[in-house]
file start.tsv (TSV, C-alpha atoms and all ligand atoms)
chain	number	residue	atom	x	y	z
A	1	MET	CA	20.58	-12.40	88.87
A	2	SER	CA	19.15	-13.56	85.57
A	3	ALA	CA	18.06	-10.94	83.04
A	4	ILE	CA	15.28	-13.25	81.87
A	5	LEU	CA	11.62	-12.90	82.91
A	6	PRO	CA	11.06	-15.83	85.27
A	7	VAL	CA	8.09	-17.47	83.54
A	8	TYR	CA	9.73	-20.81	82.77
A	9	ARG	CA	10.93	-23.75	84.80
A	10	ARG	CA	14.25	-23.77	82.93
A	11	SER	CA	16.68	-26.62	83.52
A	12	ASN	CA	20.40	-26.02	83.95
A	13	ILE	CA	21.44	-27.83	80.80
A	14	THR	CA	22.55	-25.71	77.84
A	15	ILE	CA	21.73	-26.72	74.29
A	16	SER	CA	23.87	-25.38	71.48
A	17	ARG	CA	23.36	-27.72	68.54
A	18	GLY	CA	20.92	-30.25	67.14
A	19	GLU	CA	21.28	-33.02	64.62
A	20	GLY	CA	18.46	-35.38	63.70
A	21	VAL	CA	16.86	-36.64	66.91
A	22	TYR	CA	19.77	-35.58	69.14
A	23	LEU	CA	20.62	-32.33	70.90
A	24	PHE	CA	24.11	-31.43	72.10
A	25	SER	CA	25.48	-29.25	74.89
A	26	PRO	CA	28.47	-26.96	74.23
A	27	GLU	CA	30.60	-29.76	75.75
A	28	GLU	CA	29.05	-32.18	73.23
A	29	LYS	CA	27.04	-34.11	75.80
A	30	ARG	CA	24.41	-35.87	73.70
A	31	TYR	CA	20.68	-35.96	74.50
A	32	LEU	CA	18.10	-38.14	72.78
A	33	ASP	CA	15.34	-35.59	72.19
A	34	PHE	CA	11.96	-37.12	72.98
A	35	ALA	CA	10.54	-33.67	73.82
A	36	SER	CA	11.02	-32.08	70.36
A	37	GLY	CA	10.81	-28.57	71.83
A	38	ILE	CA	7.33	-29.57	73.03
A	39	ALA	CA	6.06	-31.38	69.94
A	40	VAL	CA	7.55	-28.81	67.58
A	41	ASN	CA	10.59	-30.42	65.93
A	42	ALA	CA	8.55	-33.09	64.17
A	43	LEU	CA	11.33	-33.63	61.64
A	44	GLY	CA	14.13	-33.42	64.19
A	45	HIS	CA	16.93	-30.86	64.17
A	46	ALA	CA	18.80	-29.37	61.21
A	47	HIS	CA	16.85	-31.47	58.72
A	48	PRO	CA	18.76	-30.99	55.42
A	49	HIS	CA	15.59	-30.43	53.33
A	50	LEU	CA	14.34	-27.73	55.71
A	51	VAL	CA	17.75	-26.08	56.06
A	52	ALA	CA	18.07	-25.90	52.27
A	53	ALA	CA	14.56	-24.47	51.86
A	54	LEU	CA	15.15	-21.77	54.48
A	55	GLN	CA	18.60	-20.86	53.17
A	56	LYS	CA	17.33	-20.57	49.60
A	57	GLN	CA	14.42	-18.36	50.70
A	58	ALA	CA	16.69	-16.26	52.94
A	59	ALA	CA	18.74	-15.29	49.88
A	60	GLU	CA	15.63	-14.38	47.85
A	61	LEU	CA	13.05	-12.57	50.00
A	62	TRP	CA	12.31	-12.34	53.73
A	63	HIS	CA	9.25	-10.13	53.83
A	64	CYS	CA	7.09	-8.02	51.57
A	65	SER	CA	3.74	-7.92	53.49
A	66	ASN	CA	0.31	-9.22	52.62
A	67	MET	CA	-0.20	-6.30	50.24
A	68	TYR	CA	1.17	-8.55	47.47
A	69	GLN	CA	0.74	-12.00	45.95
A	70	MET	CA	3.23	-14.54	47.30
A	71	PRO	CA	3.72	-17.89	45.53
A	72	GLY	CA	4.81	-19.73	48.71
A	73	LEU	CA	1.63	-18.61	50.48
A	74	THR	CA	-0.65	-19.63	47.62
A	75	ARG	CA	1.03	-23.03	47.43
A	76	LEU	CA	0.92	-23.74	51.17
A	77	ALA	CA	-2.75	-22.72	51.44
A	78	GLU	CA	-3.66	-24.88	48.43
A	79	ARG	CA	-1.85	-27.87	49.89
A	80	PHE	CA	-3.75	-27.63	53.20
A	81	VAL	CA	-7.03	-27.24	51.34
A	82	GLU	CA	-6.19	-30.27	49.21
A	83	ALA	CA	-5.27	-32.43	52.21
A	84	THR	CA	-8.06	-31.48	54.65
A	85	PHE	CA	-11.71	-30.46	55.16
A	86	ALA	CA	-10.69	-26.83	54.69
A	87	ASP	CA	-11.54	-24.45	51.85
A	88	LYS	CA	-9.44	-21.56	53.18
A	89	ALA	CA	-6.25	-21.14	55.23
A	90	PHE	CA	-4.89	-18.19	57.23
A	91	PHE	CA	-1.27	-18.16	58.38
A	92	CYS	CA	0.10	-16.53	61.52
A	93	ASN	CA	3.14	-16.97	63.76
A	94	SER	CA	2.07	-19.15	66.68
A	95	GLY	CA	-0.52	-21.51	68.06
A	96	GLY	CA	-2.13	-18.89	70.25
A	97	GLU	CA	-2.65	-16.62	67.24
A	98	ALA	CA	-4.16	-19.50	65.27
A	99	VAL	CA	-6.65	-20.07	68.11
A	100	GLU	CA	-7.38	-16.31	68.29
A	101	CYS	CA	-8.14	-16.28	64.57
A	102	GLY	CA	-10.51	-19.19	65.03
A	103	LEU	CA	-12.29	-17.59	68.00
A	104	LYS	CA	-12.69	-14.34	66.09
A	105	MET	CA	-14.11	-16.17	63.08
A	106	VAL	CA	-16.63	-17.94	65.33
A	107	ARG	CA	-18.10	-14.56	66.33
A	108	LYS	CA	-17.84	-13.12	62.83
A	109	TYR	CA	-19.67	-16.12	61.34
A	110	HIS	CA	-22.67	-15.81	63.63
A	111	ASP	CA	-22.71	-12.02	63.29
A	112	ALA	CA	-22.72	-12.33	59.50
A	113	ASN	CA	-25.53	-14.88	59.74
A	114	GLY	CA	-27.82	-12.63	61.75
A	115	ARG	CA	-27.12	-14.21	65.15
A	116	PRO	CA	-24.80	-11.67	66.83
A	117	GLU	CA	-26.03	-12.81	70.25
A	118	ARG	CA	-24.14	-16.06	69.73
A	119	TYR	CA	-20.66	-15.43	71.10
A	120	ARG	CA	-20.06	-18.03	73.81
A	121	VAL	CA	-17.77	-21.03	73.32
A	122	VAL	CA	-17.95	-24.33	75.17
A	123	THR	CA	-14.42	-25.46	76.09
A	124	MET	CA	-13.12	-28.53	77.92
A	125	GLU	CA	-11.74	-28.86	81.42
A	126	GLY	CA	-7.99	-29.43	81.23
A	127	GLY	CA	-7.78	-27.63	77.88
A	128	PHE	CA	-4.88	-25.44	76.83
A	129	HIS	CA	-5.11	-22.99	73.94
A	130	GLY	CA	-2.26	-20.51	74.37
A	131	ARG	CA	-1.32	-17.42	76.36
A	132	THR	CA	-3.26	-14.47	74.94
A	133	PHE	CA	-6.20	-13.12	76.95
A	134	ALA	CA	-8.74	-14.99	74.84
A	135	CYS	CA	-6.62	-18.16	74.98
A	136	ILE	CA	-6.18	-18.18	78.76
A	137	SER	CA	-9.87	-17.38	79.13
A	138	ALA	CA	-10.66	-20.42	76.98
A	139	GLY	CA	-8.11	-22.63	78.71
A	140	GLY	CA	-8.49	-24.62	81.89
A	141	ASN	CA	-5.07	-24.04	83.45
A	142	ASP	CA	-5.40	-22.10	86.71
A	143	VAL	CA	-1.73	-21.07	86.95
A	144	ALA	CA	-1.98	-19.56	83.45
A	145	ARG	CA	-5.11	-17.60	84.50
A	146	LYS	CA	-4.39	-16.54	88.05
A	147	GLY	CA	-3.86	-12.80	88.62
A	148	TYR	CA	-5.04	-11.83	85.13
A	149	GLU	CA	-8.67	-11.34	86.05
A	150	PRO	CA	-11.04	-10.13	84.77
A	151	LEU	CA	-10.63	-12.72	82.05
A	152	MET	CA	-12.55	-12.53	78.80
A	153	ASP	CA	-16.20	-13.41	79.12
A	154	GLY	CA	-17.77	-16.00	76.88
A	155	PHE	CA	-16.34	-19.41	77.77
A	156	ASP	CA	-18.32	-22.21	79.37
A	157	ARG	CA	-16.61	-25.36	80.54
A	158	ALA	CA	-17.62	-28.96	79.91
A	159	LYS	CA	-15.94	-32.29	80.63
A	160	LEU	CA	-13.84	-34.10	78.05
A	161	ASN	CA	-15.48	-37.34	76.88
A	162	ASN	CA	-18.77	-36.38	78.49
A	163	LEU	CA	-21.32	-35.36	75.86
A	164	ALA	CA	-24.03	-34.73	78.47
A	165	SER	CA	-21.83	-32.07	80.10
A	166	VAL	CA	-21.37	-30.41	76.69
A	167	GLU	CA	-25.13	-30.38	76.09
A	168	ALA	CA	-25.62	-28.90	79.55
A	169	ALA	CA	-23.17	-26.06	78.84
A	170	ILE	CA	-24.99	-24.95	75.67
A	171	GLY	CA	-27.38	-22.01	75.81
A	172	PRO	CA	-28.98	-19.54	73.38
A	173	GLU	CA	-25.74	-17.51	73.22
A	174	THR	CA	-23.49	-20.46	72.43
A	175	ALA	CA	-21.59	-20.08	69.18
A	176	ALA	CA	-19.09	-22.93	69.09
A	177	ILE	CA	-17.46	-25.91	70.77
A	178	LEU	CA	-13.66	-25.83	71.13
A	179	VAL	CA	-11.74	-29.05	71.80
A	180	GLU	CA	-8.24	-30.49	71.53
A	181	PRO	CA	-8.60	-34.02	70.09
A	182	ILE	CA	-5.76	-34.90	72.46
A	183	GLN	CA	-5.09	-32.46	75.28
A	184	GLY	CA	-1.36	-31.79	75.38
A	185	GLU	CA	-0.53	-29.49	78.29
A	186	GLY	CA	-3.44	-30.92	80.27
A	187	GLY	CA	-1.70	-34.32	80.41
A	188	VAL	CA	-2.17	-36.17	77.11
A	189	ASN	CA	-5.89	-36.70	77.71
A	190	VAL	CA	-7.35	-38.39	74.66
A	191	ALA	CA	-10.80	-37.44	73.40
A	192	THR	CA	-12.46	-40.61	72.14
A	193	PHE	CA	-13.47	-40.69	68.49
A	194	GLU	CA	-17.00	-41.34	69.72
A	195	PHE	CA	-16.86	-38.09	71.73
A	196	LEU	CA	-15.53	-36.11	68.74
A	197	ARG	CA	-18.28	-37.51	66.52
A	198	GLY	CA	-20.81	-36.72	69.22
A	199	LEU	CA	-19.59	-33.11	69.32
A	200	ARG	CA	-20.20	-32.84	65.58
A	201	ALA	CA	-23.76	-34.08	66.07
A	202	ILE	CA	-24.39	-31.67	68.97
A	203	ALA	CA	-22.92	-28.76	66.98
A	204	ASP	CA	-25.17	-29.58	64.02
A	205	LYS	CA	-28.23	-29.91	66.23
A	206	HIS	CA	-27.70	-26.45	67.77
A	207	GLY	CA	-26.21	-24.64	64.75
A	208	LEU	CA	-22.79	-24.27	66.40
A	209	LEU	CA	-19.33	-24.33	64.87
A	210	LEU	CA	-16.96	-27.15	65.81
A	211	PHE	CA	-13.44	-25.85	66.42
A	212	MET	CA	-10.61	-28.36	66.86
A	213	ASP	CA	-7.37	-27.06	68.37
A	214	GLU	CA	-4.78	-29.35	66.78
A	215	VAL	CA	-1.81	-27.12	67.56
A	216	GLN	CA	-0.13	-29.99	69.42
A	217	CYS	CA	-1.74	-33.21	68.17
A	218	GLY	CA	-1.87	-32.21	64.49
A	219	MET	CA	0.72	-32.20	61.69
A	220	GLY	CA	1.25	-35.94	61.68
A	221	ARG	CA	1.89	-36.51	65.37
A	222	THR	CA	-0.83	-39.11	65.84
A	223	GLY	CA	-0.33	-40.82	62.49
A	224	ALA	CA	-2.51	-38.60	60.29
A	225	LEU	CA	-2.14	-35.01	59.13
A	226	PHE	CA	-4.81	-34.14	61.70
A	227	THR	CA	-6.24	-36.29	64.48
A	228	HIS	CA	-9.87	-35.45	63.65
A	229	GLN	CA	-9.36	-37.14	60.27
A	230	GLN	CA	-8.81	-40.45	62.08
A	231	ALA	CA	-12.10	-39.95	63.90
A	232	GLY	CA	-13.88	-39.29	60.60
A	233	VAL	CA	-15.14	-35.92	61.85
A	234	LYS	CA	-15.34	-32.79	59.73
A	235	PRO	CA	-14.73	-29.69	61.86
A	236	ASP	CA	-15.51	-26.10	60.86
A	237	ILE	CA	-12.28	-24.57	62.14
A	238	VAL	CA	-8.88	-26.10	62.93
A	239	SER	CA	-5.89	-24.37	64.51
A	240	ALA	CA	-2.42	-25.76	63.79
A	241	ALA	CA	1.12	-24.71	64.76
A	242	LYS	CA	3.98	-26.50	66.59
A	243	GLY	CA	5.00	-29.18	64.04
A	244	ILE	CA	3.94	-27.06	61.08
A	245	GLY	CA	7.18	-25.05	60.99
A	246	ASN	CA	9.46	-27.53	62.77
A	247	GLY	CA	10.74	-24.66	64.94
A	248	PHE	CA	10.28	-21.77	62.53
A	249	PRO	CA	7.44	-19.61	63.99
A	250	LEU	CA	4.34	-20.54	62.01
A	251	GLY	CA	0.70	-21.16	62.79
A	252	ALA	CA	-2.35	-21.82	60.63
A	253	CYS	CA	-6.09	-21.50	60.98
A	254	LEU	CA	-8.09	-23.62	58.56
A	255	THR	CA	-11.78	-23.26	57.83
A	256	THR	CA	-14.66	-23.80	55.44
A	257	ASP	CA	-16.06	-21.42	52.84
A	258	ALA	CA	-19.18	-21.02	54.99
A	259	VAL	CA	-17.11	-19.51	57.82
A	260	ALA	CA	-14.56	-17.75	55.59
A	261	SER	CA	-17.31	-15.89	53.71
A	262	ALA	CA	-17.89	-13.81	56.84
A	263	MET	CA	-14.31	-12.51	56.68
A	264	THR	CA	-13.48	-9.40	54.63
A	265	PRO	CA	-10.34	-7.35	53.91
A	266	GLY	CA	-9.31	-5.66	57.16
A	267	SER	CA	-11.33	-7.98	59.40
A	268	HIS	CA	-8.22	-9.88	60.48
A	269	GLY	CA	-4.51	-9.88	59.73
A	270	SER	CA	-0.92	-10.24	60.86
A	271	THR	CA	2.19	-8.33	59.76
A	272	TYR	CA	4.46	-11.36	59.81
A	273	GLY	CA	1.76	-13.89	59.03
A	274	SER	CA	2.43	-15.80	55.78
A	275	ASN	CA	5.88	-14.26	55.41
A	276	PRO	CA	8.00	-15.93	52.71
A	277	LEU	CA	10.49	-17.49	55.15
A	278	ALA	CA	7.71	-19.24	57.07
A	279	MET	CA	5.94	-20.30	53.87
A	280	ALA	CA	9.16	-21.84	52.50
A	281	VAL	CA	9.60	-23.85	55.69
A	282	GLY	CA	5.93	-24.85	55.87
A	283	ASN	CA	6.03	-26.13	52.29
A	284	ALA	CA	9.25	-28.03	52.98
A	285	VAL	CA	7.67	-29.66	56.06
A	286	LEU	CA	4.68	-30.78	53.96
A	287	ASP	CA	7.02	-32.19	51.28
A	288	ILE	CA	8.18	-34.68	53.89
A	289	ILE	CA	5.15	-35.43	56.01
A	290	LEU	CA	2.76	-35.79	53.06
A	291	ALA	CA	5.11	-38.24	51.30
A	292	PRO	CA	3.68	-41.77	51.01
A	293	GLY	CA	4.37	-43.94	54.05
A	294	PHE	CA	5.20	-41.11	56.48
A	295	PHE	CA	2.07	-41.39	58.63
A	296	ALA	CA	2.26	-45.21	58.62
A	297	HIS	CA	5.80	-44.87	59.99
A	298	VAL	CA	4.55	-42.64	62.83
A	299	SER	CA	1.86	-45.17	63.74
A	300	GLU	CA	4.32	-48.05	63.60
A	301	VAL	CA	7.09	-46.60	65.80
A	302	GLY	CA	4.41	-45.06	68.02
A	303	ALA	CA	2.89	-48.49	68.66
A	304	THR	CA	6.27	-49.98	69.61
A	305	LEU	CA	7.05	-47.07	71.90
A	306	LYS	CA	3.65	-47.24	73.57
A	307	SER	CA	3.84	-50.98	74.22
A	308	GLY	CA	7.37	-50.51	75.62
A	309	LEU	CA	6.07	-47.80	77.95
A	310	GLU	CA	3.19	-50.06	79.02
A	311	THR	CA	5.67	-52.79	79.91
A	312	LEU	CA	7.71	-50.25	81.88
A	313	ALA	CA	4.60	-49.06	83.75
A	314	LYS	CA	3.64	-52.65	84.59
A	315	THR	CA	7.16	-53.46	85.76
A	316	TYR	CA	7.22	-50.43	88.10
A	317	PRO	CA	3.62	-50.02	89.30
A	318	LEU	CA	4.74	-48.00	92.33
A	319	LEU	CA	6.29	-45.38	90.03
A	320	PHE	CA	3.88	-45.27	87.11
A	321	GLU	CA	0.12	-45.04	87.03
A	322	ASP	CA	-0.63	-45.41	83.32
A	323	VAL	CA	0.36	-44.80	79.71
A	324	ARG	CA	-1.88	-42.71	77.46
A	325	GLY	CA	-1.89	-41.17	74.00
A	326	SER	CA	-1.70	-42.13	70.38
A	327	GLY	CA	0.94	-42.23	67.64
A	328	LEU	CA	3.95	-40.27	68.90
A	329	MET	CA	1.95	-38.16	71.33
A	330	LEU	CA	2.32	-40.29	74.44
A	331	GLY	CA	2.12	-39.67	78.17
A	332	LEU	CA	3.48	-41.56	81.16
A	333	LYS	CA	1.66	-40.75	84.38
A	334	THR	CA	3.75	-40.99	87.56
A	335	HIS	CA	2.78	-41.43	91.21
A	336	LYS	CA	5.65	-39.34	92.60
A	337	PRO	CA	6.28	-35.74	91.40
A	338	HIS	CA	7.10	-36.13	87.72
A	339	TYR	CA	9.54	-33.21	87.45
A	340	GLU	CA	11.96	-35.33	89.47
A	341	PHE	CA	11.84	-38.18	86.95
A	342	VAL	CA	12.13	-35.77	84.00
A	343	GLU	CA	15.30	-34.34	85.58
A	344	ARG	CA	16.76	-37.82	86.16
A	345	LEU	CA	16.03	-38.72	82.55
A	346	ARG	CA	17.80	-35.54	81.41
A	347	GLU	CA	20.86	-36.48	83.42
A	348	ALA	CA	20.73	-39.91	81.78
A	349	GLY	CA	20.58	-38.31	78.31
A	350	LEU	CA	16.87	-38.51	77.47
A	351	LEU	CA	14.72	-35.40	77.07
A	352	THR	CA	10.97	-35.50	77.76
A	353	ALA	CA	8.40	-32.76	78.41
A	354	PRO	CA	6.44	-32.53	81.66
A	355	ALA	CA	2.72	-31.75	81.36
A	356	GLU	CA	0.08	-31.15	84.05
A	357	ASN	CA	-1.23	-33.78	86.46
A	358	ARG	CA	2.05	-35.70	86.85
A	359	VAL	CA	2.15	-36.70	83.20
A	360	ILE	CA	5.47	-36.92	81.36
A	361	ARG	CA	4.94	-36.17	77.70
A	362	ILE	CA	6.88	-38.34	75.30
A	363	VAL	CA	6.70	-36.52	71.98
A	364	PRO	CA	9.75	-37.43	69.90
A	365	PRO	CA	10.50	-36.25	66.38
A	366	LEU	CA	8.29	-38.21	63.97
A	367	ILE	CA	11.38	-39.40	62.11
A	368	ILE	CA	12.65	-41.62	64.96
A	369	THR	CA	13.56	-45.19	64.09
A	370	GLN	CA	12.90	-48.39	66.05
A	371	GLY	CA	16.54	-48.06	67.19
A	372	HIS	CA	15.80	-44.71	68.85
A	373	VAL	CA	12.73	-46.23	70.51
A	374	ALA	CA	14.89	-49.03	71.96
A	375	GLU	CA	17.47	-46.48	73.13
A	376	ALA	CA	14.82	-44.40	74.89
A	377	LEU	CA	13.18	-47.41	76.54
A	378	GLU	CA	16.55	-48.54	77.86
A	379	ILE	CA	17.23	-45.13	79.45
A	380	LEU	CA	13.68	-45.04	80.86
A	381	THR	CA	14.04	-48.52	82.37
A	382	ASN	CA	17.46	-47.86	83.88
A	383	THR	CA	16.32	-44.52	85.29
A	384	ALA	CA	13.17	-46.11	86.76
A	385	LYS	CA	15.35	-48.72	88.53
A	386	GLY	CA	17.20	-45.90	90.25
A	387	TRP	CA	14.00	-44.01	91.19
A	388	VAL	CA	12.20	-46.80	93.07
A	401	LIG	C1	1.07	-24.97	72.44
A	401	LIG	C2	-0.39	-24.88	72.22
A	401	LIG	C3	-1.02	-23.65	71.94
A	401	LIG	C4	-0.29	-22.34	71.96
A	401	LIG	O1	0.70	-22.27	70.98
A	401	LIG	P1	1.78	-21.08	71.07
A	401	LIG	O2	2.59	-21.27	69.81
A	401	LIG	O3	2.57	-21.27	72.31
A	401	LIG	O4	1.04	-19.81	71.07
A	401	LIG	C5	-2.37	-23.67	71.67
A	401	LIG	N1	-3.08	-24.81	71.66
A	401	LIG	C6	-2.51	-26.00	71.93
A	401	LIG	C7	-3.33	-27.24	71.90
A	401	LIG	C8	-1.15	-26.07	72.24
A	401	LIG	O5	-0.59	-27.24	72.54
call {"tool": "encode", "arguments": {"input": "start.tsv", "output": "structure tokens"}}
result
Amino acid sequence: MSAILPVYRRSNITISRGEGVYLFSPEEKRYLDFASGIAVNALGHAHPHLVAALQKQAAELWHCSNMYQMPGLTRLAERFVEATFADKAFFCNSGGEAVECGLKMVRKYHDANGRPERYRVVTMEGGFHGRTFACISAGGNDVARKGYEPLMDGFDRAKLNNLASVEAAIGPETAAILVEPIQGEGGVNVATFEFLRGLRAIADKHGLLLFMDEVQCGMGRTGALFTHQQAGVKPDIVSAAKGIGNGFPLGACLTTDAVASAMTPGSHGSTYGSNPLAMAVGNAVLDIILAPGFFAHVSEVGATLKSGLETLAKTYPLLFEDVRGSGLMLGLKTHKPHYEFVERLREAGLLTAPAENRVIRIVPPLIITQGHVAEALEILTNTAKGWV
């Protein structure tokens, strides 16, 4: 009997080492990692710049608490402010905590502005925002919610890419709209730029905050630091995590001065949040992804990979329904149960990440080359031949 709480569909393969875009079993079987620990290892495994940054910090200071000034924290916050819509950044340890911070600030903002009755948040069907009570209440995944009732009150659901359904969900108690620009767990469902811009207009019309959950699609994955930047939309709150620490636990919640001015000492916090180890890694990640040409590279290899997947889907129409996504956040929808294909790919040496609705997520490290794309497409094609 396993000593591990059975909350994961864990495969039998063992991973003991990573190098660049490859993972290795203890027997040195090599896997091309197009799952990236679910869109986390954006810079691959054991990246020398990140290893050096973490080792240097580990010898200097691990933790001192938010009672003191910390240069790594100041620098990381300033860099996010410089590169985004945000005026203020808060750091925590995970995506769910980043979303929690955002949801709390939504209420605090309206309370501070004399509208305490505004506490409800319009969320999208198929959304995923994490595993805390507020996050599962906001999310649309029934398995994640079942048996935990009563869930938190205050979430009203609308349909992605349907502005009329968003309008219909808004009432006098609505405080904010929460959306993933690309739904990850829900099956790589892309919100159109038109929809995102429409949400901004609706939020402005009703005095609501616009909260983008970019935990999965942010940090360069779609070819920009954040996906909403490509849509030309300015949100009020953004949650980030996954790629931000490349595997070191780190999350961020970004916001404007207008929202941040409602927050006061003691109104939120986290013991480990903004700890020096995480700040060192976060700064090292930004050194690389903010370097000139990085996002263009993501868009370029992403386009090749997507067109290769589209060819694959056309070649095997009985296996594959469609290809969706943007940059290096791609999804391949299958007709047959997708877990089966994911397992076959694993056996063939290619790792991918299943999502909901029979969608296989293809979310490789952002540092992949055209050679890695060709290698993955070859494994996908050969595995498809054997699955017909
Ligand atoms: C993964 C994810 C989360 C939750 O992040 P955790 O680090 O697991 O808490 C929240 N929102 C989105 C969009 C995610 O993809």
call {"tool": "closest_residue", "arguments": {"input": "start.tsv", "among": "A:Gly308, A:Gly96, A:Gly220, A:Gly37", "to": "Gly247 of chain A", "atoms": "all atoms listed in the file"}}
result
A:Gly37
call {"tool": "axis_aligned_box", "arguments": {"input": "start.tsv", "around": "ligand LIG 401 (chain A)", "padding_each_side": "8 Å", "output": "lines of an AutoDock Vina configuration file"}}
result
center_x = -0.4
center_y = -23.5
center_z = 71.2
size_x = 21.9
size_y = 23.4
size_z = 18.7
call {"tool": "residues_near_ligand", "arguments": {"input": "start.tsv", "ligand": "ligand LIG 401 (chain A)", "cutoff": "8 Å", "atoms": "only C-alpha atoms and all ligand atoms", "output": "count of residues only"}}
result
30
call {"tool": "residues_around", "arguments": {"input": "start.tsv", "residues": "Arg9 of chain A", "least_positions_apart": "6", "cutoff": "12 Å", "atoms": "all atoms listed in the file", "output": "short mmCIF file (atom, residue, chain, number, x, y, z; two decimals) with C-alpha atoms, in the frame of the given file"}}
result
data_model
loop_
_atom_site.label_atom_id
_atom_site.label_comp_id
_atom_site.auth_asym_id
_atom_site.auth_seq_id
_atom_site.Cartn_x
_atom_site.Cartn_y
_atom_site.Cartn_z
CA TYR A 339 9.54 -33.21 87.45
CA GLU A 343 15.30 -34.34 85.58
CA ALA A 353 8.40 -32.76 78.41
CA PRO A 354 6.44 -32.53 81.66
CA ALA A 355 2.72 -31.75 81.36
#
call {"tool": "residues_around", "arguments": {"input": "start.tsv", "residues": "Glu321 of chain A", "least_positions_apart": "5", "cutoff": "10 Å", "atoms": "all atoms listed in the file", "output": "PyMOL selection string"}}
result
chain A and resi 310+313-314+316+332-336+358-359
call {"tool": "closest_residue", "arguments": {"input": "start.tsv", "among": "A:Leu32, A:Ile182, A:Leu277, A:Ile170", "to": "Ser326 of chain A", "atoms": "all atoms listed in the file"}}
result
A:Ile182
call {"tool": "closest_residue", "arguments": {"input": "start.tsv", "among": "A:Gly245, A:Gly171, A:Gly349, A:Gly154", "to": "Ala278 of chain A", "atoms": "only C-alpha atoms"}}
result
A:Gly245
call {"tool": "atom_distance", "arguments": {"input": "start.tsv", "atom1": "atom CA of Phe195 of chain A", "atom2": "atom CA of Ala169 of chain A"}}
result
15.3 Å
call {"tool": "closest_residue", "arguments": {"input": "start.tsv", "among": "A:Arg221, A:Arg79, A:Arg197, A:His228", "to": "Ile362 of chain A", "atoms": "all atoms listed in the file"}}
result
A:Arg221
call {"tool": "residues_near_point", "arguments": {"input": "start.tsv", "point": "(-15.3, -28.6, 60.1)", "cutoff": "8 Å", "atoms": "all atoms listed in the file", "output": "ChimeraX atom specification"}}
result
/A:85-86,209-211,233-238,255-256
call {"tool": "residues_near_point", "arguments": {"input": "start.tsv", "point": "(5.4, -45.7, 63.5)", "cutoff": "12 Å", "atoms": "only C-alpha atoms", "output": "NGL selection string"}}
result
:A and (220-224 or 293-306 or 326-329 or 364-373)
call {"tool": "closest_residue", "arguments": {"input": "start.tsv", "among": "A:Leu254, A:Ala175, A:Met152, A:Leu163", "to": "Leu196 of chain A", "atoms": "all atoms listed in the file"}}
result
A:Leu163
call {"tool": "closest_residue", "arguments": {"input": "start.tsv", "among": "A:His268, A:Arg157, A:Arg17, A:Arg324", "to": "Met105 of chain A", "atoms": "all atoms listed in the file"}}
result
A:His268
call {"tool": "atom_distance", "arguments": {"input": "start.tsv", "atom1": "atom CA of Val166 of chain A", "atom2": "atom CA of Cys101 of chain A"}}
result
22.8 Å
call {"tool": "atom_distance", "arguments": {"input": "start.tsv", "atom1": "atom CA of Phe133 of chain A", "atom2": "atom CA of Gly207 of chain A"}}
result
26.1 Å
call {"tool": "residues_around", "arguments": {"input": "start.tsv", "residues": "segment 118-126 of chain A", "least_positions_apart": "3", "cutoff": "10 Å", "atoms": "all atoms listed in the file", "output": "tab-separated table (two decimals) with C-alpha atoms, keeping the file's coordinate frame"}}
result
chain	number	residue	atom	x	y	z
A	103	LEU	CA	-12.29	-17.59	68.00
A	104	LYS	CA	-12.69	-14.34	66.09
A	106	VAL	CA	-16.63	-17.94	65.33
A	107	ARG	CA	-18.10	-14.56	66.33
A	108	LYS	CA	-17.84	-13.12	62.83
A	109	TYR	CA	-19.67	-16.12	61.34
A	110	HIS	CA	-22.67	-15.81	63.63
A	111	ASP	CA	-22.71	-12.02	63.29
A	114	GLY	CA	-27.82	-12.63	61.75
A	115	ARG	CA	-27.12	-14.21	65.15
A	129	HIS	CA	-5.11	-22.99	73.94
A	137	SER	CA	-9.87	-17.38	79.13
A	138	ALA	CA	-10.66	-20.42	76.98
A	139	GLY	CA	-8.11	-22.63	78.71
A	140	GLY	CA	-8.49	-24.62	81.89
A	141	ASN	CA	-5.07	-24.04	83.45
A	142	ASP	CA	-5.40	-22.10	86.71
A	153	ASP	CA	-16.20	-13.41	79.12
A	154	GLY	CA	-17.77	-16.00	76.88
A	155	PHE	CA	-16.34	-19.41	77.77
A	156	ASP	CA	-18.32	-22.21	79.37
A	157	ARG	CA	-16.61	-25.36	80.54
A	158	ALA	CA	-17.62	-28.96	79.91
A	159	LYS	CA	-15.94	-32.29	80.63
A	160	LEU	CA	-13.84	-34.10	78.05
A	161	ASN	CA	-15.48	-37.34	76.88
A	162	ASN	CA	-18.77	-36.38	78.49
A	165	SER	CA	-21.83	-32.07	80.10
A	166	VAL	CA	-21.37	-30.41	76.69
A	167	GLU	CA	-25.13	-30.38	76.09
A	168	ALA	CA	-25.62	-28.90	79.55
A	169	ALA	CA	-23.17	-26.06	78.84
A	170	ILE	CA	-24.99	-24.95	75.67
A	171	GLY	CA	-27.38	-22.01	75.81
A	172	PRO	CA	-28.98	-19.54	73.38
A	173	GLU	CA	-25.74	-17.51	73.22
A	174	THR	CA	-23.49	-20.46	72.43
A	175	ALA	CA	-21.59	-20.08	69.18
A	176	ALA	CA	-19.09	-22.93	69.09
A	177	ILE	CA	-17.46	-25.91	70.77
A	178	LEU	CA	-13.66	-25.83	71.13
A	179	VAL	CA	-11.74	-29.05	71.80
A	180	GLU	CA	-8.24	-30.49	71.53
A	183	GLN	CA	-5.09	-32.46	75.28
A	184	GLY	CA	-1.36	-31.79	75.38
A	185	GLU	CA	-0.53	-29.49	78.29
A	186	GLY	CA	-3.44	-30.92	80.27
A	187	GLY	CA	-1.70	-34.32	80.41
A	188	VAL	CA	-2.17	-36.17	77.11
A	189	ASN	CA	-5.89	-36.70	77.71
A	208	LEU	CA	-22.79	-24.27	66.40
A	209	LEU	CA	-19.33	-24.33	64.87
A	210	LEU	CA	-16.96	-27.15	65.81
A	211	PHE	CA	-13.44	-25.85	66.42
A	356	GLU	CA	0.08	-31.15	84.05
A	357	ASN	CA	-1.23	-33.78	86.46
